[in-house]
>>> print(open('model.cif').read())   # mmCIF, C-alpha atoms
data_protein
loop_
_atom_site.label_atom_id
_atom_site.label_comp_id
_atom_site.auth_asym_id
_atom_site.auth_seq_id
_atom_site.Cartn_x
_atom_site.Cartn_y
_atom_site.Cartn_z
CA MET A 146 0.00 0.00 0.00
CA LYS A 147 1.43 3.34 -1.09
CA PRO A 148 0.25 6.94 -0.77
CA VAL A 149 0.21 8.37 -4.29
CA VAL A 150 -0.56 11.67 -5.98
CA GLU A 151 -1.62 12.12 -9.57
CA ILE A 152 0.95 13.82 -11.79
CA GLN A 153 -0.35 16.95 -13.49
CA VAL A 154 0.46 18.27 -16.95
CA VAL A 155 3.56 20.48 -16.71
CA ASP A 156 3.90 23.49 -18.95
CA GLU A 157 6.31 26.39 -19.13
CA PRO A 158 7.36 28.60 -17.48
CA LEU A 159 8.17 26.58 -14.39
CA PRO A 160 8.51 28.21 -10.96
CA TRP A 161 11.22 25.70 -9.95
CA PRO A 162 12.89 22.58 -11.43
CA VAL A 163 10.43 19.73 -12.01
CA ALA A 164 11.14 16.10 -12.92
CA GLU A 165 9.82 14.81 -16.25
CA LEU A 166 7.04 12.45 -15.21
CA GLU A 167 4.18 10.87 -17.14
CA PRO A 168 1.08 13.10 -16.84
CA PHE A 169 -1.95 11.50 -15.17
CA GLY A 170 0.18 8.70 -13.75
CA PHE A 171 0.85 8.28 -10.03
CA LEU A 172 3.92 9.10 -7.96
CA ALA A 173 4.32 7.40 -4.58
CA LEU A 174 5.14 9.79 -1.75
CA ARG A 175 8.00 8.63 0.44
CA GLY A 176 11.36 9.72 1.70
CA GLY A 177 14.22 9.94 -0.78
CA LEU A 178 12.42 11.57 -3.71
CA SER A 179 14.57 13.80 -5.89
CA ASP A 180 14.23 17.58 -5.78
CA GLY A 181 12.61 17.42 -9.21
CA GLU A 182 10.04 14.87 -8.01
CA ILE A 183 9.23 16.92 -4.92
CA GLY A 184 8.98 19.98 -7.15
CA ALA A 185 6.49 18.16 -9.40
CA VAL A 186 4.37 17.17 -6.38
CA VAL A 187 4.30 20.67 -4.92
CA LEU A 188 3.54 22.23 -8.30
CA GLY A 189 0.65 19.80 -8.84
CA LEU A 190 -0.78 20.50 -5.39
CA ALA A 191 -0.42 24.26 -5.87
CA ARG A 192 -2.22 24.17 -9.21
CA GLY A 193 -4.87 21.79 -7.92
CA ASN A 194 -5.75 24.22 -5.13
CA ASP A 195 -5.48 27.39 -7.24
CA HIS A 196 -9.08 28.62 -7.27
CA GLN A 197 -8.97 32.30 -8.12
CA GLY A 198 -11.91 34.24 -6.79
CA ASP A 199 -12.92 31.74 -4.08
CA PRO A 200 -14.85 33.84 -1.53
CA ASP A 201 -13.60 31.60 1.27
CA LEU A 202 -10.01 32.68 0.64
CA PRO A 203 -8.31 36.01 1.37
CA PRO A 204 -7.52 38.16 -1.68
CA ARG A 205 -5.00 36.63 -4.04
CA PRO A 206 -1.60 38.30 -3.59
CA ALA A 207 0.38 39.96 -6.32
CA GLY A 208 3.43 38.23 -7.73
CA ARG A 209 3.60 35.00 -9.68
CA LEU A 210 4.92 32.73 -6.93
CA PRO A 211 2.73 34.05 -4.08
CA ALA A 212 -0.31 33.78 -6.37
CA LEU A 213 0.58 30.21 -7.37
CA LEU A 214 0.91 29.08 -3.76
CA HIS A 215 -2.04 31.12 -2.48
CA GLY A 216 -4.71 28.40 -2.45
CA LEU A 217 -2.42 25.66 -1.14
CA LEU A 218 -1.24 27.89 1.70
CA SER A 219 -4.66 29.36 2.48
CA TYR A 220 -7.07 26.42 2.48
CA GLU A 221 -7.67 24.79 5.83
CA TYR A 222 -8.05 21.46 4.03
CA PRO A 223 -6.19 21.49 0.69
CA SER A 224 -6.94 18.69 -1.75
CA ALA A 225 -4.42 16.23 -3.17
CA ALA A 226 -5.58 14.26 -6.21
CA GLY A 227 -4.57 10.64 -5.63
CA GLY A 228 -5.11 8.23 -2.76
CA LEU A 229 -3.79 4.85 -1.68
CA LEU A 230 -2.54 2.35 -4.25
CA VAL A 231 -2.60 -1.34 -3.32
CA THR A 232 -0.85 -4.01 -5.38
CA ASP A 233 -1.84 -7.67 -5.06
CA ALA A 234 1.52 -9.44 -5.27
CA ARG A 235 -0.16 -12.77 -6.08
CA THR A 236 -1.98 -11.59 -9.20
CA GLY A 237 -0.24 -8.38 -10.17
CA THR A 238 -3.46 -6.39 -9.92
CA ASP A 239 -3.09 -2.71 -9.05
CA PHE A 240 -5.95 -1.29 -7.03
CA THR A 241 -5.53 2.37 -7.94
CA PRO A 242 -7.52 5.39 -6.81
CA GLY A 243 -10.19 6.43 -9.30
CA CYS A 244 -11.03 9.87 -10.63
CA CYS A 245 -11.91 12.48 -7.98
CA CYS A 246 -10.32 10.47 -5.17
CA GLY A 247 -8.06 12.47 -2.86
CA LEU A 248 -5.08 11.52 -0.72
CA GLU A 249 -6.37 13.97 1.89
CA ASP A 250 -9.05 11.37 2.71
CA TRP A 251 -6.73 8.41 3.27
CA ARG A 252 -7.64 8.21 6.97
CA ASP A 253 -11.17 7.18 5.94
CA TRP A 254 -9.65 3.70 5.69
CA TYR A 255 -9.47 3.65 9.50
CA ASP A 256 -13.15 4.63 9.69
CA MET A 257 -14.00 1.74 7.40
CA LEU A 258 -11.97 -0.69 9.54
CA ASP A 259 -13.41 0.57 12.82
CA GLY A 260 -16.99 0.86 11.66
CA ASP A 261 -17.10 4.64 12.14
CA GLY A 262 -17.94 5.36 8.49
CA ASP A 263 -19.69 3.70 5.58
CA ALA A 264 -19.16 -0.04 5.32
CA ARG A 265 -17.94 0.44 1.77
CA LEU A 266 -15.11 2.92 1.19
CA TRP A 267 -15.50 4.82 -2.07
CA TRP A 268 -12.22 4.90 -3.97
CA GLY A 269 -13.02 7.32 -6.80
CA HIS A 270 -14.87 7.02 -10.10
CA GLY A 271 -14.04 4.01 -12.25
CA GLY A 272 -15.11 5.51 -15.55
CA GLN A 273 -17.92 3.02 -16.25
CA PRO A 274 -21.40 2.48 -14.73
CA SER A 275 -21.13 0.35 -11.58
CA GLY A 276 -17.40 0.24 -12.12
CA ASP A 277 -16.13 2.36 -9.23
CA PRO A 278 -13.30 0.82 -7.19
CA TYR A 279 -13.98 0.22 -3.52
CA ALA A 280 -12.71 -1.27 -0.27
CA GLU A 281 -15.17 -2.94 2.08
CA ARG A 282 -14.80 -4.62 5.46
CA ASP A 283 -16.24 -8.13 5.62
CA GLY A 284 -15.62 -9.56 9.07
CA ALA A 285 -11.88 -10.15 9.48
CA LEU A 286 -11.19 -9.26 5.83
CA VAL A 287 -11.10 -6.15 3.70
CA ARG A 288 -12.35 -6.83 0.19
CA LEU A 289 -10.96 -4.72 -2.63
CA ARG A 290 -12.31 -4.19 -6.11
CA ALA A 291 -10.29 -2.48 -8.80
CA ALA A 292 -11.78 0.05 -11.21
CA ALA A 293 -13.78 -1.37 -14.12
CA GLY A 294 -11.46 -2.70 -16.79
CA ALA A 295 -8.56 -3.42 -14.44
CA ALA A 296 -7.48 -7.03 -14.31
CA SER A 297 -4.41 -9.10 -13.70
CA ALA A 298 -2.95 -11.82 -15.87
CA ALA A 299 -5.13 -14.19 -13.86
CA GLY A 300 -8.20 -12.26 -14.93
CA THR A 301 -9.18 -11.06 -11.46
CA ALA A 302 -9.87 -7.53 -10.31
CA SER A 303 -10.65 -8.26 -6.67
CA ALA A 304 -8.75 -9.30 -3.58
CA ALA A 305 -9.25 -9.94 0.13
CA VAL A 306 -6.77 -8.73 2.76
CA PRO A 307 -6.88 -9.47 6.51
CA VAL A 308 -7.89 -6.44 8.57
CA ALA A 309 -4.76 -6.73 10.72
CA GLU A 310 -2.60 -6.58 7.61
CA VAL A 311 -4.42 -3.49 6.36
CA ARG A 312 -3.78 -1.76 9.68
CA ALA A 313 -0.07 -2.51 9.38
CA LEU A 314 -0.08 -1.21 5.81
CA LEU A 315 -1.77 2.02 6.92
CA ALA A 316 0.93 2.53 9.54
CA GLY A 317 3.45 2.24 6.72
CA VAL A 318 1.51 4.83 4.72
CA GLU A 319 1.76 7.32 7.57
CA GLY A 320 5.48 6.67 7.92
CA ALA A 321 6.04 7.23 4.20
CA LEU A 322 4.07 10.49 4.30
CA ARG A 323 6.04 11.78 7.28
CA ASP A 324 9.31 10.97 5.52
CA PHE A 325 8.09 12.80 2.40
CA LEU A 326 7.06 15.84 4.44
CA ALA A 327 10.47 16.04 6.11
CA ASP A 328 12.18 16.04 2.71
CA ALA A 329 9.64 18.50 1.29
CA ALA A 330 10.25 20.91 4.18
CA ALA A 331 13.99 20.86 3.44
CA TRP A 332 13.24 21.30 -0.29
CA ALA A 333 11.10 24.36 0.52
CA VAL A 334 13.93 25.99 2.48
CA ARG A 335 16.26 25.53 -0.50
CA THR A 336 13.77 26.38 -3.23
CA VAL A 337 11.13 28.81 -1.93
CA PRO A 338 12.65 30.10 1.32
CA ALA A 339 10.24 33.02 1.68
CA HIS A 340 7.32 30.55 1.82
CA ALA A 341 8.99 27.62 3.57
CA ASP A 342 7.47 28.22 7.02
CA ALA A 343 3.93 28.16 5.61
CA LEU A 344 4.46 25.50 2.94
CA GLY A 345 5.46 22.69 5.29
CA PRO A 346 2.22 22.83 7.33
CA ALA A 347 0.16 23.26 4.14
CA LEU A 348 1.59 20.08 2.65
CA ALA A 349 0.92 18.27 5.91
CA ARG A 350 -2.73 19.37 5.77
CA ALA A 351 -2.98 18.23 2.15
CA VAL A 352 -1.94 14.68 3.08
CA ALA A 353 -3.77 14.57 6.43
CA ILE A 354 -0.69 14.46 8.66
CA GLN A 355 -1.04 16.71 11.69
#
>>> encode(input="model.cif", output="structure tokens")
Amino acid sequence: MKPVVEIQVVDEPLPWPVAELEPFGFLALRGGLSDGEIGAVVLGLARGNDHQGDPDLPPRPAGRLPALLHGLLSYEYPSAAGGLLVTDARTGTDFTPGCCCGLEDWRDWYDMLDGDGDARLWWGHGGQPSGDPYAERDGALVRLRAAAGAASAAGTASAAVPVAEVRALLAGVEGALRDFLADAAAWAVRTVPAHADALGPALARAVAIQ
């Protein structure tokens, strides 16, 4: 299980160096990413939260960089397109987040395990009727279904994982996110020092690490 963000289309001019990554693919957040990869993540989050004219935000500041970061720094709960990606090592099936899923909601997995939320965890749109991916607790198991059209070489698009194993995987997700945030905070000091103090907490809010 990996926390992932969706890679956005990158166009010029860039505010900082950005790695060349496949648009609309996923990048796993963890410690040890390159400066270019961190730059791509931050740029994607900044653009994804750039809603000019939102009445819930203070006035957009002048200047290209302050304006770009305005939404990400200002929202109490920034969004982060992506989610949790699970790979079934037995079949090779990737259970990827669907469209409109957000990494900011990854803690909903705990609600599903503990019975504090819906029994079935929505995992984004699958692109076809009745084809949305989901995770669902069934006694001592969590049942996963991939988005419509996803299948392994074995022809399956579903899996069952013990609840205890899912809890351990979620602990690993939080560790990976904390490692990413530590590296991103150091990247901000080197790359956007005037905004570093505010950017670190904003990124933590975007990935639900407080």
>>> resolve_selection(input="model.cif", expression="the PyMOL selection byres ((chain A and resi 244-252) around 8)", output="list in words")
Pro148, Val149, Val150, Tyr222, Pro223, Ser224, Ala225, Ala226, Gly227, Gly228, Leu229, Pro242, Gly243, Asp253, Trp254, Tyr255, Asp256, Trp268, Gly269, His270, Gly271, Gly272, Arg350, Ala351, Val352 and Ala353 of chain A
>>> closest_residue(input="model.cif", among="A:Ile183, A:Ala291, A:Ala341, A:Ala347", to="Val163 of chain A", atoms="only C-alpha atoms")
A:Ile183
>>> closest_residue(input="model.cif", among="A:Ala285, A:Leu210, A:Ala191, A:Arg290", to="Arg265 of chain A", atoms="all atoms listed in the file")
A:Arg290
>>> atom_distance(input="model.cif", atom1="atom CA of Thr241 of chain A", atom2="atom CA of Asp328 of chain A")
24.8 Å
>>> closest_residue(input="model.cif", among="A:Val154, A:Val334, A:Ala302, A:Ala339", to="Asp180 of chain A", atoms="only C-alpha atoms")
A:Val334
>>> resolve_selection(input="model.cif", expression="the PyMOL selection byres ((chain A and resi 308) around 10)", output="mmCIF file with C-alpha atoms, in the frame of the given file")
data_model
loop_
_atom_site.group_PDB
_atom_site.id
_atom_site.type_symbol
_atom_site.label_atom_id
_atom_site.label_comp_id
_atom_site.auth_asym_id
_atom_site.auth_seq_id
_atom_site.Cartn_x
_atom_site.Cartn_y
_atom_site.Cartn_z
ATOM 1 C CA LEU A 258 -11.970 -0.690 9.540
ATOM 2 C CA ASP A 259 -13.410 0.570 12.820
ATOM 3 C CA ARG A 282 -14.800 -4.620 5.460
ATOM 4 C CA ASP A 283 -16.240 -8.130 5.620
ATOM 5 C CA GLY A 284 -15.620 -9.560 9.070
ATOM 6 C CA ALA A 285 -11.880 -10.150 9.480
ATOM 7 C CA LEU A 286 -11.190 -9.260 5.830
ATOM 8 C CA VAL A 287 -11.100 -6.150 3.700
ATOM 9 C CA ARG A 288 -12.350 -6.830 0.190
ATOM 10 C CA ALA A 305 -9.250 -9.940 0.130
ATOM 11 C CA VAL A 306 -6.770 -8.730 2.760
ATOM 12 C CA PRO A 307 -6.880 -9.470 6.510
ATOM 13 C CA ALA A 309 -4.760 -6.730 10.720
ATOM 14 C CA GLU A 310 -2.600 -6.580 7.610
ATOM 15 C CA VAL A 311 -4.420 -3.490 6.360
ATOM 16 C CA ARG A 312 -3.780 -1.760 9.680
ATOM 17 C CA ALA A 313 -0.070 -2.510 9.380
ATOM 18 C CA LEU A 314 -0.080 -1.210 5.810
#
>>> atom_distance(input="model.cif", atom1="atom CA of Pro338 of chain A", atom2="atom CA of Leu174 of chain A")
21.9 Å
>>> residues_around(input="model.cif", residues="Ala304 of chain A", least_positions_apart="4", cutoff="12 Å", atoms="only C-alpha atoms", output="VMD selection string")
chain A and resid 231 to 240 278 to 283 286 to 291 296 to 297 299 to 300
>>> atom_distance(input="model.cif", atom1="atom CA of Tyr220 of chain A", atom2="atom CA of Asn194 of chain A")
8.0 Å
>>> closest_residue(input="model.cif", among="A:Arg192, A:Gln153, A:Ile354, A:Ala164", to="Arg323 of chain A", atoms="all atoms listed in the file")
A:Ile354
>>> residues_around(input="model.cif", residues="Phe325 of chain A", least_positions_apart="2", cutoff="8 Å", atoms="all atoms listed in the file", output="ChimeraX atom specification")
/A:174-178,321-323,327-329
>>> axis_aligned_box(input="model.cif", around="segment 179-186 of chain A", padding_each_side="3 Å", output="lines of an AutoDock Vina configuration file")
center_x = 9.5
center_y = 16.9
center_z = -7.2
size_x = 16.2
size_y = 12.2
size_z = 10.5
>>> closest_residue(input="model.cif", among="A:Asp156, A:Asp277, A:Asp324, A:Glu221", to="Pro346 of chain A", atoms="only C-alpha atoms")
A:Glu221
>>> closest_residue(input="model.cif", among="A:Gly193, A:Pro158, A:Gly170, A:Gly317", to="Leu217 of chain A", atoms="only C-alpha atoms")
A:Gly193
>>> residues_near_point(input="model.cif", point="(-4.2, 31.5, -6.8)", cutoff="10 Å", atoms="all atoms listed in the file", output="VMD selection string")
chain A and resid 191 to 199 202 204 to 207 209 to 219
>>> write_last_selection(input="model.cif", atoms="C-alpha atoms", output="PDB file, in the frame of the given file")
ATOM      1  CA  ALA A 191      -0.420  24.260  -5.870  1.00  0.00           C
ATOM      2  CA  ARG A 192      -2.220  24.170  -9.210  1.00  0.00           C
ATOM      3  CA  GLY A 193      -4.870  21.790  -7.920  1.00  0.00           C
ATOM      4  CA  ASN A 194      -5.750  24.220  -5.130  1.00  0.00           C
ATOM      5  CA  ASP A 195      -5.480  27.390  -7.240  1.00  0.00           C
ATOM      6  CA  HIS A 196      -9.080  28.620  -7.270  1.00  0.00           C
ATOM      7  CA  GLN A 197      -8.970  32.300  -8.120  1.00  0.00           C
ATOM      8  CA  GLY A 198     -11.910  34.240  -6.790  1.00  0.00           C
ATOM      9  CA  ASP A 199     -12.920  31.740  -4.080  1.00  0.00           C
ATOM     10  CA  LEU A 202     -10.010  32.680   0.640  1.00  0.00           C
ATOM     11  CA  PRO A 204      -7.520  38.160  -1.680  1.00  0.00           C
ATOM     12  CA  ARG A 205      -5.000  36.630  -4.040  1.00  0.00           C
ATOM     13  CA  PRO A 206      -1.600  38.300  -3.590  1.00  0.00           C
ATOM     14  CA  ALA A 207       0.380  39.960  -6.320  1.00  0.00           C
ATOM     15  CA  ARG A 209       3.600  35.000  -9.680  1.00  0.00           C
ATOM     16  CA  LEU A 210       4.920  32.730  -6.930  1.00  0.00           C
ATOM     17  CA  PRO A 211       2.730  34.050  -4.080  1.00  0.00           C
ATOM     18  CA  ALA A 212      -0.310  33.780  -6.370  1.00  0.00           C
ATOM     19  CA  LEU A 213       0.580  30.210  -7.370  1.00  0.00           C
ATOM     20  CA  LEU A 214       0.910  29.080  -3.760  1.00  0.00           C
ATOM     21  CA  HIS A 215      -2.040  31.120  -2.480  1.00  0.00           C
ATOM     22  CA  GLY A 216      -4.710  28.400  -2.450  1.00  0.00           C
ATOM     23  CA  LEU A 217      -2.420  25.660  -1.140  1.00  0.00           C
ATOM     24  CA  LEU A 218      -1.240  27.890   1.700  1.00  0.00           C
ATOM     25  CA  SER A 219      -4.660  29.360   2.480  1.00  0.00           C
TER      26      SER A 219
END
